[in-house]
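Data block below; observations after.
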Amino acid sequence: TARYELYWIWSRKYDSSSKILIIDFRDTYFQTNPFSFAASSPQTGDLITNTHHECYLDLFEENFDAINIGKSSYNSNWIKSAYGNDALKTVAAKPVICSGSTMGTQHAIEKYTIAMVAQSDERKCKSVGCDQGFHNYLYYLGNLDEWLASTNKRGEQTCDIRVHVHGEGAVNNLSAMRESPLRDQGVLKTFD
């Protein structure tokens with residue numbers, strides 16, 4: 001989770017009009033140019049083009065047909081070790097949202113990384129992968145929208161959080177779909 005400290009520092013170096021993509025490239029592929037991707041606002045259903053929206057954070061689900069938080073020994077352990085059994089019971093049936101694929105405006109990414117660092121500092125979870133537990137907790141139970149709150153040009157507090165169903169966003173994640181390394185499945189070729 002130390003990488004979120006670096007993401008936070010780096011996010012502050014970007015212009016406020018910048019779009020930022022945090023990606024774990026090991027098991028992720030692009031379905032379209034992520035910076036020109038258009039999506040619907042979950043609040044209004046209106047089409048939003050990332051290049052014109054003031055504040056948004058895009059999150060990407062893993063394959064819900066393959067796994068949910070409770071069925072995944074990794075994800076359930078990260079939630080349980082950081083937040084306890086009650087939190088795990090509350091989110092067990094929810095889709096896993098991949099922490100390795102997060103995209104948004106400069107403001108949203110800066111605030112998101114602050115929230116992730118705060119979870120790490122507060123929860124002291126040191127297991128590899130705890131960031132995914134923090135990520136899912138923040139979205140489902142941790143008031144991520146309040147962490148992202150900003151004032152737009154009209155004085156309104158707003159920052160859209162858009163969760164993309166597996167396979168429907170600009171970024172697609174394969175981690176829940178594989179039980180063996182991609183090389184063993186023939187998806188990733190090794191050249192000598």
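Chain labels follow the order of the structure tokens: the first chain is A, the next B, and so on; residue numbering restarts at 1 in every chain, and ligands are counted from 1 in their shown order.
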
I'd like the neighbourhood of A:Tyr137 as a CSV table (one decimal) with N, CA, C and O atoms, in the first residue's frame, where a residue qualifies if any of its atoms comes within 9 Å (using only C-alpha atoms), though same-chain residues fewer than 6 positions away should be ignored.
```csv
chain,number,residue,atom,x,y,z
A,79,ILE,N,-10.6,-7.5,3.9
A,79,ILE,CA,-11.7,-6.8,4.6
A,79,ILE,C,-11.7,-7.2,6.1
A,79,ILE,O,-11.7,-6.3,6.9
A,83,TYR,N,-11.0,-4.5,8.9
A,83,TYR,CA,-12.2,-3.9,9.4
A,83,TYR,C,-13.1,-4.8,10.3
A,83,TYR,O,-14.0,-4.4,10.9
A,87,ALA,N,-17.9,-5.9,9.1
A,87,ALA,CA,-17.7,-5.2,7.8
A,87,ALA,C,-17.8,-6.3,6.7
A,87,ALA,O,-18.4,-6.1,5.7
A,91,VAL,N,-20.4,-6.6,3.3
A,91,VAL,CA,-20.0,-6.5,1.9
A,91,VAL,C,-19.8,-7.9,1.2
A,91,VAL,O,-19.4,-7.9,0.0
A,143,ASN,N,-17.7,5.9,2.9
A,143,ASN,CA,-18.1,7.3,2.5
A,143,ASN,C,-17.0,7.9,1.6
A,143,ASN,O,-16.6,9.0,1.7
A,144,LEU,N,-16.7,7.1,0.5
A,144,LEU,CA,-15.7,7.6,-0.5
A,144,LEU,C,-16.2,8.9,-1.1
A,144,LEU,O,-15.4,9.8,-1.3
```

**Prompt:** Among stretch 24-174 of chain A, which residues carry a DSSP assignment of helix (DSSP H, G or I), reported as an MDAnalysis selection string?
**Reply:** chainID A and resid 25:27 73:83 85:91 106:123 130:140 144:148

**Request:** Just the residues within 10 Å of A:Tyr14, please, counting only C-alpha atoms, with nothing from its chain fewer than 6 positions along; format it as a list in words.
**Result:**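 The filter keeps Ile20, Thr105, Gln106, His107 and Glu110 of chain A.
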
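Comparing A:Glu146, A:Asp121, A:Asp24, A:Glu62 by their smallest distance to A:Met103, the closest is A:Asp24 (using only C-alpha atoms).
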
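Closest approach to A:Ala149 among A:Val171, A:Ala108, A:Ile97, A:Leu88: A:Ala108, based on only C-alpha atoms.
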
**Asked** Between A:Leu21, A:Ile161, A:Leu141, A:Leu57, which one has atoms that come closest to A:Asp86, using only C-alpha atoms?
**Response**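 Once distances to A:Asp86 are computed over only C-alpha atoms, the minimum belongs to A:Leu141.
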